[in-house]
file final27.cif (mmCIF, C-alpha atoms)
data_my_file
#
loop_
_atom_site.group_PDB
_atom_site.id
_atom_site.type_symbol
_atom_site.label_atom_id
_atom_site.label_comp_id
_atom_site.auth_asym_id
_atom_site.auth_seq_id
_atom_site.Cartn_x
_atom_site.Cartn_y
_atom_site.Cartn_z
ATOM 1 C CA MET A 1 -39.973 -25.319 31.411
ATOM 2 C CA ALA A 2 -41.220 -27.632 34.111
ATOM 3 C CA LEU A 3 -44.557 -28.256 32.428
ATOM 4 C CA ASN A 4 -44.979 -31.992 32.137
ATOM 5 C CA LEU A 5 -46.842 -32.701 28.916
ATOM 6 C CA TYR A 6 -47.189 -36.388 29.713
ATOM 7 C CA TYR A 7 -49.117 -35.435 32.805
ATOM 8 C CA TYR A 8 -51.720 -33.607 30.726
ATOM 9 C CA ALA A 9 -51.695 -36.311 28.065
ATOM 10 C CA SER A 10 -53.041 -38.793 30.590
ATOM 11 C CA PRO A 11 -56.775 -39.237 29.979
ATOM 12 C CA ALA A 12 -57.521 -39.184 33.724
ATOM 13 C CA THR A 13 -55.898 -35.767 34.229
ATOM 14 C CA PHE A 14 -57.332 -34.431 31.008
ATOM 15 C CA TYR A 15 -60.817 -35.540 32.016
ATOM 16 C CA GLN A 16 -60.703 -33.518 35.238
ATOM 17 C CA LEU A 17 -59.044 -30.465 33.732
ATOM 18 C CA SER A 18 -61.295 -30.263 30.668
ATOM 19 C CA GLY A 19 -64.364 -30.624 32.874
ATOM 20 C CA LYS A 20 -63.359 -27.417 34.612
ATOM 21 C CA LEU A 21 -62.512 -25.577 31.386
ATOM 22 C CA ILE A 22 -65.638 -26.338 29.335
ATOM 23 C CA PRO A 23 -67.969 -23.841 31.081
ATOM 24 C CA TRP A 24 -65.417 -21.041 30.575
ATOM 25 C CA PHE A 25 -65.102 -21.709 26.862
ATOM 26 C CA GLY A 26 -68.835 -22.260 26.470
ATOM 27 C CA TRP A 27 -69.931 -19.087 28.234
ATOM 28 C CA SER A 28 -67.352 -16.857 26.590
ATOM 29 C CA ALA A 29 -68.464 -18.258 23.218
ATOM 30 C CA ALA A 30 -72.077 -17.396 24.058
ATOM 31 C CA ILE A 31 -71.230 -13.863 25.226
ATOM 32 C CA LEU A 32 -69.072 -13.153 22.178
ATOM 33 C CA THR A 33 -71.819 -14.458 19.891
ATOM 34 C CA VAL A 34 -74.271 -11.966 21.376
ATOM 35 C CA ILE A 35 -71.755 -9.125 20.962
ATOM 36 C CA GLY A 36 -70.893 -10.318 17.451
ATOM 37 C CA LEU A 37 -74.542 -10.465 16.406
ATOM 38 C CA TYR A 38 -75.148 -6.992 17.807
ATOM 39 C CA ILE A 39 -72.270 -5.602 15.750
ATOM 40 C CA SER A 40 -73.409 -7.583 12.693
ATOM 41 C CA PHE A 41 -76.982 -6.326 12.688
ATOM 42 C CA PHE A 42 -76.986 -3.001 14.535
ATOM 43 C CA MET A 43 -73.573 -1.428 14.105
ATOM 44 C CA ALA A 44 -72.356 -2.582 10.707
ATOM 45 C CA PRO A 45 -73.796 -0.361 7.965
ATOM 46 C CA THR A 46 -75.562 -1.458 4.811
ATOM 47 C CA ASP A 47 -73.114 -2.501 2.103
ATOM 48 C CA PHE A 48 -73.081 -0.102 -0.831
ATOM 49 C CA GLN A 49 -72.940 -2.926 -3.377
ATOM 50 C CA GLN A 50 -74.779 -5.840 -1.807
ATOM 51 C CA GLY A 51 -77.312 -4.101 0.399
ATOM 52 C CA GLU A 52 -78.271 -6.155 3.462
ATOM 53 C CA ALA A 53 -77.495 -9.509 1.832
ATOM 54 C CA TYR A 54 -73.841 -9.152 2.786
ATOM 55 C CA ARG A 55 -74.744 -9.733 6.463
ATOM 56 C CA ILE A 56 -74.465 -13.442 5.714
ATOM 57 C CA ILE A 57 -70.706 -12.820 5.831
ATOM 58 C CA PHE A 58 -70.749 -12.767 9.638
ATOM 59 C CA ILE A 59 -71.437 -16.484 9.727
ATOM 60 C CA HIS A 60 -70.214 -17.546 6.315
ATOM 61 C CA VAL A 61 -66.589 -16.486 6.711
ATOM 62 C CA PRO A 62 -66.070 -17.659 10.323
ATOM 63 C CA ALA A 63 -67.706 -21.004 9.437
ATOM 64 C CA ALA A 64 -65.499 -21.405 6.364
ATOM 65 C CA TRP A 65 -62.366 -20.557 8.382
ATOM 66 C CA MET A 66 -63.320 -23.053 11.077
ATOM 67 C CA SER A 67 -64.081 -25.769 8.517
ATOM 68 C CA MET A 68 -60.479 -25.582 7.264
ATOM 69 C CA PHE A 69 -58.821 -24.889 10.588
ATOM 70 C CA ILE A 70 -60.539 -27.753 12.433
ATOM 71 C CA TYR A 71 -59.422 -30.112 9.688
ATOM 72 C CA LEU A 72 -55.799 -29.039 10.141
ATOM 73 C CA VAL A 73 -56.049 -29.488 13.911
ATOM 74 C CA MET A 74 -57.534 -32.958 13.361
ATOM 75 C CA ALA A 75 -54.668 -33.815 11.019
ATOM 76 C CA PHE A 76 -52.195 -32.466 13.600
ATOM 77 C CA TRP A 77 -53.605 -34.696 16.363
ATOM 78 C CA GLY A 78 -53.716 -37.636 13.958
ATOM 79 C CA ALA A 79 -50.034 -37.142 13.123
ATOM 80 C CA ILE A 80 -49.091 -36.826 16.815
ATOM 81 C CA GLY A 81 -51.092 -39.963 17.557
ATOM 82 C CA LEU A 82 -49.386 -41.936 14.793
ATOM 83 C CA ALA A 83 -45.928 -40.716 15.831
ATOM 84 C CA PHE A 84 -46.190 -41.072 19.610
ATOM 85 C CA LYS A 85 -49.056 -43.581 19.980
ATOM 86 C CA THR A 86 -50.811 -41.254 22.405
ATOM 87 C CA ARG A 87 -54.414 -42.335 22.970
ATOM 88 C CA LEU A 88 -55.640 -38.889 23.809
ATOM 89 C CA SER A 89 -54.432 -37.381 20.501
ATOM 90 C CA PHE A 90 -56.621 -39.760 18.524
ATOM 91 C CA MET A 91 -59.552 -39.020 20.781
ATOM 92 C CA MET A 92 -59.107 -35.277 20.173
ATOM 93 C CA SER A 93 -59.101 -35.944 16.447
ATOM 94 C CA ARG A 94 -62.351 -37.905 16.741
ATOM 95 C CA ALA A 95 -63.885 -35.272 18.982
ATOM 96 C CA LEU A 96 -63.262 -32.512 16.426
ATOM 97 C CA ALA A 97 -64.602 -34.184 13.291
ATOM 98 C CA PRO A 98 -68.376 -33.707 13.768
ATOM 99 C CA THR A 99 -67.910 -30.005 14.560
ATOM 100 C CA GLY A 100 -65.668 -29.625 11.510
ATOM 101 C CA ALA A 101 -68.354 -31.215 9.364
ATOM 102 C CA LEU A 102 -70.942 -28.916 10.947
ATOM 103 C CA PHE A 103 -68.993 -25.756 10.063
ATOM 104 C CA THR A 104 -68.333 -27.051 6.542
ATOM 105 C CA PHE A 105 -72.053 -27.609 6.077
ATOM 106 C CA ILE A 106 -72.810 -24.111 7.427
ATOM 107 C CA ALA A 107 -70.223 -22.545 5.095
ATOM 108 C CA LEU A 108 -71.765 -24.317 2.090
ATOM 109 C CA TRP A 109 -75.342 -23.588 3.123
ATOM 110 C CA THR A 110 -74.820 -19.889 3.808
ATOM 111 C CA GLY A 111 -72.742 -19.690 0.635
ATOM 112 C CA ALA A 112 -75.653 -21.045 -1.396
ATOM 113 C CA LEU A 113 -78.039 -18.553 0.195
ATOM 114 C CA TRP A 114 -75.598 -15.770 -0.556
ATOM 115 C CA GLY A 115 -74.826 -16.960 -4.072
ATOM 116 C CA LYS A 116 -78.447 -17.000 -5.176
ATOM 117 C CA PRO A 117 -79.162 -13.260 -4.790
ATOM 118 C CA MET A 118 -75.638 -12.144 -5.779
ATOM 119 C CA TRP A 119 -74.673 -14.526 -8.585
ATOM 120 C CA GLY A 120 -78.101 -15.789 -9.536
ATOM 121 C CA ALA A 121 -77.175 -19.383 -8.685
ATOM 122 C CA TRP A 122 -77.365 -21.493 -5.539
ATOM 123 C CA TRP A 123 -74.407 -23.509 -6.672
ATOM 124 C CA VAL A 124 -71.688 -23.424 -9.335
ATOM 125 C CA TRP A 125 -68.894 -25.947 -9.915
ATOM 126 C CA ASP A 126 -66.281 -23.358 -9.158
ATOM 127 C CA ALA A 127 -62.913 -24.387 -7.643
ATOM 128 C CA ARG A 128 -63.613 -22.819 -4.238
ATOM 129 C CA LEU A 129 -67.083 -24.328 -3.877
ATOM 130 C CA THR A 130 -66.073 -27.726 -5.210
ATOM 131 C CA SER A 131 -63.030 -28.069 -2.945
ATOM 132 C CA GLU A 132 -65.142 -27.041 0.076
ATOM 133 C CA LEU A 133 -67.682 -29.719 -0.877
ATOM 134 C CA ILE A 134 -64.828 -32.247 -1.044
ATOM 135 C CA LEU A 135 -63.904 -31.151 2.487
ATOM 136 C CA LEU A 136 -67.419 -32.057 3.657
ATOM 137 C CA PHE A 137 -67.084 -35.478 2.001
ATOM 138 C CA LEU A 138 -63.703 -35.945 3.694
ATOM 139 C CA TYR A 139 -65.186 -35.243 7.131
ATOM 140 C CA ILE A 140 -68.077 -37.622 6.456
ATOM 141 C CA GLY A 141 -65.744 -40.269 4.998
ATOM 142 C CA ILE A 142 -63.419 -40.132 8.004
ATOM 143 C CA MET A 143 -66.307 -40.425 10.449
ATOM 144 C CA ALA A 144 -67.754 -43.332 8.441
ATOM 145 C CA LEU A 145 -64.370 -45.059 8.521
ATOM 146 C CA TRP A 146 -64.165 -44.698 12.304
ATOM 147 C CA ALA A 147 -67.716 -46.001 12.637
ATOM 148 C CA ALA A 148 -66.945 -48.991 10.413
ATOM 149 C CA ILE A 149 -63.875 -50.230 12.303
ATOM 150 C CA ASP A 150 -64.736 -51.843 15.623
ATOM 151 C CA ASP A 151 -61.219 -52.060 17.015
ATOM 152 C CA PRO A 152 -60.555 -48.536 18.373
ATOM 153 C CA GLN A 153 -56.779 -48.664 17.838
ATOM 154 C CA ARG A 154 -57.059 -49.788 14.228
ATOM 155 C CA GLY A 155 -59.810 -47.270 13.611
ATOM 156 C CA ASP A 156 -57.693 -44.499 15.093
ATOM 157 C CA ARG A 157 -54.759 -45.254 12.824
ATOM 158 C CA ALA A 158 -56.833 -45.697 9.659
ATOM 159 C CA GLY A 159 -58.755 -42.489 10.361
ATOM 160 C CA ALA A 160 -55.570 -40.541 11.063
ATOM 161 C CA LEU A 161 -54.034 -41.752 7.817
ATOM 162 C CA LEU A 162 -57.070 -40.730 5.775
ATOM 163 C CA THR A 163 -57.155 -37.357 7.575
ATOM 164 C CA LEU A 164 -53.494 -36.741 6.727
ATOM 165 C CA VAL A 165 -53.915 -37.664 3.062
ATOM 166 C CA GLY A 166 -56.983 -35.430 2.818
ATOM 167 C CA ALA A 167 -55.124 -32.483 4.375
ATOM 168 C CA ILE A 168 -53.811 -31.640 0.895
ATOM 169 C CA ASN A 169 -57.310 -30.345 0.171
ATOM 170 C CA VAL A 170 -57.056 -27.512 2.724
ATOM 171 C CA PRO A 171 -54.415 -25.415 0.903
ATOM 172 C CA ILE A 172 -56.310 -26.154 -2.311
ATOM 173 C CA ILE A 173 -59.453 -24.598 -0.803
ATOM 174 C CA TYR A 174 -57.531 -21.650 0.589
ATOM 175 C CA PHE A 175 -55.621 -20.800 -2.581
ATOM 176 C CA SER A 176 -58.336 -21.860 -5.052
ATOM 177 C CA VAL A 177 -59.419 -18.255 -5.546
ATOM 178 C CA LYS A 178 -55.864 -17.369 -6.558
ATOM 179 C CA TRP A 179 -54.987 -20.405 -8.625
ATOM 180 C CA TRP A 180 -58.144 -20.598 -10.680
ATOM 181 C CA ASN A 181 -60.649 -18.193 -12.123
ATOM 182 C CA THR A 182 -63.446 -18.530 -9.640
ATOM 183 C CA LEU A 183 -66.835 -16.935 -9.367
ATOM 184 C CA HIS A 184 -66.174 -16.884 -5.634
ATOM 185 C CA GLN A 185 -64.447 -13.651 -4.699
ATOM 186 C CA GLY A 186 -60.869 -13.515 -3.447
ATOM 187 C CA ALA A 187 -59.922 -13.137 0.197
ATOM 188 C CA SER A 188 -61.215 -9.953 1.853
ATOM 189 C CA VAL A 189 -58.927 -10.567 4.791
ATOM 190 C CA SER A 190 -55.390 -11.899 4.544
ATOM 191 C CA LEU A 191 -52.217 -11.769 6.555
ATOM 192 C CA THR A 192 -50.254 -9.983 3.875
ATOM 193 C CA LYS A 193 -52.380 -6.986 2.980
ATOM 194 C CA ALA A 194 -54.833 -4.592 4.563
ATOM 195 C CA PRO A 195 -58.393 -5.951 4.638
ATOM 196 C CA SER A 196 -60.645 -4.714 1.852
ATOM 197 C CA MET A 197 -63.687 -4.084 4.003
ATOM 198 C CA ALA A 198 -65.037 -1.504 6.432
ATOM 199 C CA LYS A 199 -63.502 -1.676 9.885
ATOM 200 C CA ILE A 200 -66.730 -2.322 11.793
ATOM 201 C CA MET A 201 -67.678 -5.141 9.399
ATOM 202 C CA LEU A 202 -64.253 -6.665 9.935
ATOM 203 C CA ILE A 203 -64.574 -6.382 13.719
ATOM 204 C CA GLY A 204 -67.992 -8.063 13.642
ATOM 205 C CA MET A 205 -66.593 -10.890 11.564
ATOM 206 C CA LEU A 206 -63.592 -11.369 13.840
ATOM 207 C CA VAL A 207 -65.737 -11.399 16.992
ATOM 208 C CA MET A 208 -67.929 -14.078 15.414
ATOM 209 C CA ALA A 209 -64.815 -16.013 14.402
ATOM 210 C CA ILE A 210 -63.432 -15.965 17.959
ATOM 211 C CA ALA A 211 -66.843 -17.089 19.236
ATOM 212 C CA ALA A 212 -66.743 -19.986 16.753
ATOM 213 C CA TRP A 213 -63.274 -20.920 18.029
ATOM 214 C CA LEU A 214 -64.366 -20.936 21.662
ATOM 215 C CA TYR A 215 -67.498 -22.910 20.780
ATOM 216 C CA THR A 216 -65.405 -25.485 18.940
ATOM 217 C CA ILE A 217 -63.029 -25.892 21.888
ATOM 218 C CA ALA A 218 -65.925 -26.312 24.344
ATOM 219 C CA VAL A 219 -67.764 -28.822 22.170
ATOM 220 C CA ALA A 220 -64.647 -30.812 21.251
ATOM 221 C CA LEU A 221 -63.569 -31.081 24.892
ATOM 222 C CA TYR A 222 -67.063 -32.206 25.850
ATOM 223 C CA ARG A 223 -67.080 -34.878 23.148
ATOM 224 C CA ALA A 224 -63.567 -35.982 24.083
ATOM 225 C CA ARG A 225 -64.661 -36.509 27.682
ATOM 226 C CA THR A 226 -67.460 -38.826 26.609
ATOM 227 C CA LEU A 227 -65.011 -40.736 24.401
ATOM 228 C CA ILE A 228 -62.585 -41.046 27.311
ATOM 229 C CA LEU A 229 -65.272 -42.549 29.541
ATOM 230 C CA GLU A 230 -66.179 -45.037 26.837
ATOM 231 C CA ARG A 231 -62.639 -46.083 26.095
ATOM 232 C CA GLU A 232 -61.313 -46.120 29.631
ATOM 233 C CA ARG A 233 -64.380 -47.745 31.152
ATOM 234 C CA ASN A 234 -62.387 -50.637 32.573
ATOM 235 C CA THR A 235 -59.827 -48.489 34.331
ATOM 236 C CA ASP A 236 -59.926 -47.849 38.057
ATOM 237 C CA TRP A 237 -60.189 -44.089 37.734
ATOM 238 C CA VAL A 238 -63.326 -44.254 35.588
ATOM 239 C CA LYS A 239 -64.836 -46.761 37.999
ATOM 240 C CA ALA A 240 -63.982 -44.447 40.875
ATOM 241 C CA GLN A 241 -65.530 -41.572 38.921
ATOM 242 C CA MET A 242 -68.771 -43.492 38.606
ATOM 243 C CA GLU A 243 -68.977 -43.983 42.378
ATOM 244 C CA LYS A 244 -69.145 -40.249 42.942
ATOM 245 C CA MET B 1 -78.921 1.946 13.770
ATOM 246 C CA GLN B 2 -80.315 1.517 10.283
ATOM 247 C CA TRP B 3 -83.689 -0.112 10.978
ATOM 248 C CA ALA B 4 -86.820 2.011 10.986
ATOM 249 C CA SER B 5 -89.079 -0.763 12.306
ATOM 250 C CA LEU B 6 -89.213 -4.440 13.133
ATOM 251 C CA SER B 7 -90.624 -5.318 9.718
ATOM 252 C CA ASP B 8 -87.838 -3.295 8.126
ATOM 253 C CA PHE B 9 -85.365 -5.338 10.144
ATOM 254 C CA LEU B 10 -87.014 -8.626 9.192
ATOM 255 C CA SER B 11 -87.156 -7.821 5.498
ATOM 256 C CA MET B 12 -83.386 -7.120 5.342
ATOM 257 C CA GLY B 13 -83.806 -4.832 2.365
ATOM 258 C CA GLY B 14 -85.570 -7.593 0.429
ATOM 259 C CA TYR B 15 -82.953 -10.221 1.263
ATOM 260 C CA GLY B 16 -84.759 -11.520 4.360
ATOM 261 C CA LEU B 17 -85.157 -15.047 3.019
ATOM 262 C CA TYR B 18 -81.425 -15.373 2.353
ATOM 263 C CA VAL B 19 -80.146 -13.665 5.488
ATOM 264 C CA TRP B 20 -82.571 -15.334 7.922
ATOM 265 C CA GLY B 21 -82.344 -18.619 6.049
ATOM 266 C CA SER B 22 -78.606 -18.546 6.775
ATOM 267 C CA TYR B 23 -78.879 -17.585 10.427
ATOM 268 C CA LEU B 24 -81.775 -19.888 11.324
ATOM 269 C CA VAL B 25 -80.213 -22.977 9.770
ATOM 270 C CA THR B 26 -76.939 -22.198 11.549
ATOM 271 C CA VAL B 27 -78.751 -21.920 14.885
ATOM 272 C CA ALA B 28 -80.654 -25.153 14.177
ATOM 273 C CA ALA B 29 -77.428 -26.992 13.287
ATOM 274 C CA ILE B 30 -75.775 -25.856 16.526
ATOM 275 C CA VAL B 31 -78.817 -26.819 18.605
ATOM 276 C CA ILE B 32 -78.811 -30.286 17.017
ATOM 277 C CA GLU B 33 -75.093 -30.699 17.705
ATOM 278 C CA LEU B 34 -75.519 -29.710 21.360
ATOM 279 C CA TYR B 35 -78.489 -32.075 21.724
ATOM 280 C CA LEU B 36 -76.525 -34.999 20.263
ATOM 281 C CA LEU B 37 -73.530 -34.209 22.497
ATOM 282 C CA LYS B 38 -75.704 -34.341 25.597
ATOM 283 C CA LYS B 39 -77.500 -37.495 24.450
ATOM 284 C CA ASP B 40 -74.188 -39.252 23.797
ATOM 285 C CA ARG B 41 -72.894 -38.428 27.232
ATOM 286 C CA VAL B 42 -76.085 -39.466 29.015
ATOM 287 C CA GLN B 43 -76.084 -42.791 27.142
ATOM 288 C CA THR B 44 -72.449 -43.465 27.952
ATOM 289 C CA LEU B 45 -72.988 -42.674 31.630
ATOM 290 C CA LYS B 46 -76.008 -44.997 31.700
ATOM 291 C CA LEU B 47 -73.972 -47.801 30.159
ATOM 292 C CA LEU B 48 -71.164 -47.313 32.662
ATOM 293 C CA LYS B 49 -73.598 -47.320 35.582
ATOM 294 C CA ARG B 50 -75.171 -50.533 34.300
ATOM 295 C CA MET B 51 -71.719 -52.107 34.061
ATOM 296 C CA ARG B 52 -70.920 -51.043 37.606
ATOM 297 C CA ASN B 53 -74.173 -52.421 39.000
ATOM 298 C CA PHE B 54 -73.569 -55.686 37.171
ATOM 299 C CA GLU B 55 -70.112 -55.944 38.716
ATOM 300 C CA HIS B 56 -71.418 -55.196 42.163
ATOM 301 C CA GLU B 57 -74.020 -57.941 41.916
ATOM 302 C CA SER B 58 -71.745 -60.633 40.581
#

call {"tool": "encode", "arguments": {"input": "final27.cif", "output": "C-alpha cells"}}
result
Amino acid sequence: MALNLYYYASPATFYQLSGKLIPWFGWSAAILTVIGLYISFFMAPTDFQQGEAYRIIFIHVPAAWMSMFIYLVMAFWGAIGLAFKTRLSFMMSRALAPTGALFTFIALWTGALWGKPMWGAWWVWDARLTSELILLFLYIGIMALWAAIDDPQRGDRAGALLTLVGAINVPIIYFSVKWWNTLHQGASVSLTKAPSMAKIMLIGMLVMAIAAWLYTIAVALYRARTLILERERNTDWVKAQMEK
Amino acid sequence: MQWASLSDFLSMGGYGLYVWGSYLVTVAAIVIELYLLKKDRVQTLKLLKRMRNFEHES
C-alpha cells in the first residue's frame, strides 16, 4: 500500500486534514443523535419490567462503552508515542482524555439515577460501579499529571506511562459483572451471544453509540488541533497559518 | 407512539425525575465541553496573534 503514514503523522498535514474532517464527524453525530433520540422515546416500547425508567439505557450504555473505549484508544496512542516518539500520538492521547472523563461521569451519573428507582440506592460499592469510579479517577489523575508537568515531552511520557498502567482497569470493569456477584446486571449485548433485549431498543442504543463515537472523534480532533497550534507555535507553518 | 399527551411524556410513567435528570445533565455536560473547547481555541489563537504582532514590531 502506498499510503505514507509518516505523511499523516506530521502535525502540519494532520492540522489541515482534520480541519476538513471535523464538520463531517460533528454533523453526522448531531443527525444520528436526533434519530437515536426519536427511536429512544417514540419508537421503543415501554419495558415490561422497568416501565419508562429503562429509557436511561440509551445514554447510559453508550456513555459507559465510550468511557472504556476512549481509555483504550488513549493507552494505544500513549504506547505508540512511547515506542516511536511521535509527537502527534501524545497529542491525540491528551485530546481524548477530557472527553473520556466526560463519558465516565455521564455513565456514573445516569447509573445513579437509574439505580435509585430500580435498586433503591443511588450508589452501591459493587465491583462494576467501583471500577468505573476508579476509571474516572484515572482520567482525572492523568490530566492532573499532564497539567503539573511543564515540560511537554516529559509530561507526555509520564502521562502515557500512567495511562498504560491504568489500562488494567478496563478489562476489570468489563468483566466485573462476570467475575464478581454484582448488583449491576450482566451484559445485555455481547459479541458471543444474541442480545437479550428487544430489537428496536437495541437499534436505538446502537444509533446513540455511533453518535457518541462520531462526537468523540470530532471533539478529539478539534482539541488536538488547538494543542498542535500551541506546541508548534514556533514553526514556520503555524506562523504562515496565522498570516491567513 | 405510546404518549397520550405532553404531560404524559414528561412524567415518563412516574420516572420523569430520573429519566430527564439523566438526559438534561448529559446535555449540559456536552454543552460545557463544547464551550470549553471553543474557549481554548480562541485563547490559543489570541496568544499566537499577540506573538506574531510582537515579532513584527521588534

call {"tool": "interface_residues", "arguments": {"input": "final27.cif", "of": "chain A", "to": "chain B", "cutoff": "8 Å", "atoms": "only C-alpha atoms", "output": "PyMOL selection string"}}
result
chain A and resi 42-43+45-46+51-53+55-56+59+99+102+106+109-110+113-114+117+219+222-223+226+229-230+233+239+242

call {"tool": "axis_aligned_box", "arguments": {"input": "final27.cif", "around": "segment 25-29 of chain A", "padding_each_side": "6 Å", "output": "AutoDock Vina command-line options"}}
result
--center_x -67.5 --center_y -19.6 --center_z 25.7 --size_x 16.8 --size_y 17.4 --size_z 17.0

call {"tool": "atom_distance", "arguments": {"input": "final27.cif", "atom1": "atom CA of Trp125 of chain A", "atom2": "atom CA of Ile70 of chain A"}}
result
23.9 Å

call {"tool": "atom_distance", "arguments": {"input": "final27.cif", "atom1": "atom CA of Asn181 of chain A", "atom2": "atom CA of Leu135 of chain A"}}
result
19.8 Å

call {"tool": "atom_distance", "arguments": {"input": "final27.cif", "atom1": "atom CA of Leu202 of chain A", "atom2": "atom CA of Ala63 of chain A"}}
result
14.8 Å

call {"tool": "residues_around", "arguments": {"input": "final27.cif", "residues": "Phe14 of chain A", "least_positions_apart": "5", "cutoff": "10 Å", "atoms": "only C-alpha atoms", "output": "PyMOL selection string"}}
result
chain A and resi 7-9+19-20+88+221+224-225+228

call {"tool": "residues_around", "arguments": {"input": "final27.cif", "residues": "Ala220 of chain A", "least_positions_apart": "4", "cutoff": "7 Å", "atoms": "all atoms listed in the file", "output": "PDB file with C-alpha atoms, keeping the file's coordinate frame"}}
result
ATOM      1  CA  ALA A  95     -63.885 -35.272  18.982  1.00  0.00           C
ATOM      2  CA  LEU A  96     -63.262 -32.512  16.426  1.00  0.00           C
ATOM      3  CA  THR A 216     -65.405 -25.485  18.940  1.00  0.00           C
ATOM      4  CA  ALA A 224     -63.567 -35.982  24.083  1.00  0.00           C
TER       5      ALA A 224
END

call {"tool": "resolve_selection", "arguments": {"input": "final27.cif", "expression": "the PyMOL selection byres ((chain A and resi 150-155) around 12)", "output": "ChimeraX atom specification"}}
result
/A:78,81-82,85-91,93-94,142-149,156-163,227-228,230-232

call {"tool": "write_last_selection", "arguments": {"input": "final27.cif", "atoms": "C-alpha atoms", "output": "PDB file, keeping the file's coordinate frame"}}
result
ATOM      1  CA  GLY A  78     -53.716 -37.636  13.958  1.00  0.00           C
ATOM      2  CA  GLY A  81     -51.092 -39.963  17.557  1.00  0.00           C
ATOM      3  CA  LEU A  82     -49.386 -41.936  14.793  1.00  0.00           C
ATOM      4  CA  LYS A  85     -49.056 -43.581  19.980  1.00  0.00           C
ATOM      5  CA  THR A  86     -50.811 -41.254  22.405  1.00  0.00           C
ATOM      6  CA  ARG A  87     -54.414 -42.335  22.970  1.00  0.00           C
ATOM      7  CA  LEU A  88     -55.640 -38.889  23.809  1.00  0.00           C
ATOM      8  CA  SER A  89     -54.432 -37.381  20.501  1.00  0.00           C
ATOM      9  CA  PHE A  90     -56.621 -39.760  18.524  1.00  0.00           C
ATOM     10  CA  MET A  91     -59.552 -39.020  20.781  1.00  0.00           C
ATOM     11  CA  SER A  93     -59.101 -35.944  16.447  1.00  0.00           C
ATOM     12  CA  ARG A  94     -62.351 -37.905  16.741  1.00  0.00           C
ATOM     13  CA  ILE A 142     -63.419 -40.132   8.004  1.00  0.00           C
ATOM     14  CA  MET A 143     -66.307 -40.425  10.449  1.00  0.00           C
ATOM     15  CA  ALA A 144     -67.754 -43.332   8.441  1.00  0.00           C
ATOM     16  CA  LEU A 145     -64.370 -45.059   8.521  1.00  0.00           C
ATOM     17  CA  TRP A 146     -64.165 -44.698  12.304  1.00  0.00           C
ATOM     18  CA  ALA A 147     -67.716 -46.001  12.637  1.00  0.00           C
ATOM     19  CA  ALA A 148     -66.945 -48.991  10.413  1.00  0.00           C
ATOM     20  CA  ILE A 149     -63.875 -50.230  12.303  1.00  0.00           C
ATOM     21  CA  ASP A 156     -57.693 -44.499  15.093  1.00  0.00           C
ATOM     22  CA  ARG A 157     -54.759 -45.254  12.824  1.00  0.00           C
ATOM     23  CA  ALA A 158     -56.833 -45.697   9.659  1.00  0.00           C
ATOM     24  CA  GLY A 159     -58.755 -42.489  10.361  1.00  0.00           C
ATOM     25  CA  ALA A 160     -55.570 -40.541  11.063  1.00  0.00           C
ATOM     26  CA  LEU A 161     -54.034 -41.752   7.817  1.00  0.00           C
ATOM     27  CA  LEU A 162     -57.070 -40.730   5.775  1.00  0.00           C
ATOM     28  CA  THR A 163     -57.155 -37.357   7.575  1.00  0.00           C
ATOM     29  CA  LEU A 227     -65.011 -40.736  24.401  1.00  0.00           C
ATOM     30  CA  ILE A 228     -62.585 -41.046  27.311  1.00  0.00           C
ATOM     31  CA  GLU A 230     -66.179 -45.037  26.837  1.00  0.00           C
ATOM     32  CA  ARG A 231     -62.639 -46.083  26.095  1.00  0.00           C
ATOM     33  CA  GLU A 232     -61.313 -46.120  29.631  1.00  0.00           C
TER      34      GLU A 232
END

call {"tool": "residues_near_point", "arguments": {"input": "final27.cif", "point": "(-69.5, -35.7, 9.2)", "cutoff": "6 Å", "atoms": "all atoms listed in the file", "output": "list in words"}}
result
Pro98, Ala101, Tyr139, Ile140 and Met143 of chain A

call {"tool": "residues_near_point", "arguments": {"input": "final27.cif", "point": "(-71.5, -24.5, 4.2)", "cutoff": "9 Å", "atoms": "all atoms listed in the file", "output": "list of chain:residue names"}}
result
A:His60, A:Ala63, A:Ala64, A:Ser67, A:Leu102, A:Phe103, A:Thr104, A:Phe105, A:Ile106, A:Ala107, A:Leu108, A:Trp109, A:Thr110, A:Gly111, A:Ala112, A:Glu132, A:Leu133, A:Leu136

call {"tool": "residues_around", "arguments": {"input": "final27.cif", "residues": "Tyr215 of chain A", "least_positions_apart": "6", "cutoff": "7 Å", "atoms": "only C-alpha atoms", "output": "list in words"}}
result
Phe25, Gly26 and Ala29 of chain A

call {"tool": "residues_around", "arguments": {"input": "final27.cif", "residues": "Lys178 of chain A", "least_positions_apart": "6", "cutoff": "12 Å", "atoms": "only C-alpha atoms", "output": "PDB file with C-alpha atoms, in the frame of the given file"}}
result
ATOM      1  CA  ALA A 127     -62.913 -24.387  -7.643  1.00  0.00           C
ATOM      2  CA  ARG A 128     -63.613 -22.819  -4.238  1.00  0.00           C
ATOM      3  CA  PRO A 171     -54.415 -25.415   0.903  1.00  0.00           C
ATOM      4  CA  ILE A 172     -56.310 -26.154  -2.311  1.00  0.00           C
ATOM      5  CA  HIS A 184     -66.174 -16.884  -5.634  1.00  0.00           C
ATOM      6  CA  GLN A 185     -64.447 -13.651  -4.699  1.00  0.00           C
ATOM      7  CA  GLY A 186     -60.869 -13.515  -3.447  1.00  0.00           C
ATOM      8  CA  ALA A 187     -59.922 -13.137   0.197  1.00  0.00           C
TER       9      ALA A 187
END

call {"tool": "build_atoms", "arguments": {"input": "final27.cif", "residues": "segment 38-42 of chain B", "atoms": "N, CA and C atoms", "output": "tab-separated table (two decimals), in the frame of the given file"}}
result
chain	number	residue	atom	x	y	z
B	38	LYS	N	-75.13	-34.04	24.29
B	38	LYS	CA	-75.70	-34.34	25.60
B	38	LYS	C	-76.22	-35.78	25.61
B	39	LYS	N	-76.91	-36.16	24.54
B	39	LYS	CA	-77.50	-37.49	24.45
B	39	LYS	C	-76.41	-38.57	24.53
B	40	ASP	N	-75.33	-38.33	23.81
B	40	ASP	CA	-74.19	-39.25	23.80
B	40	ASP	C	-73.64	-39.46	25.19
B	41	ARG	N	-73.48	-38.36	25.89
B	41	ARG	CA	-72.89	-38.43	27.23
B	41	ARG	C	-73.82	-39.16	28.20
B	42	VAL	N	-75.11	-38.82	28.13
B	42	VAL	CA	-76.08	-39.47	29.02
B	42	VAL	C	-76.10	-40.97	28.76
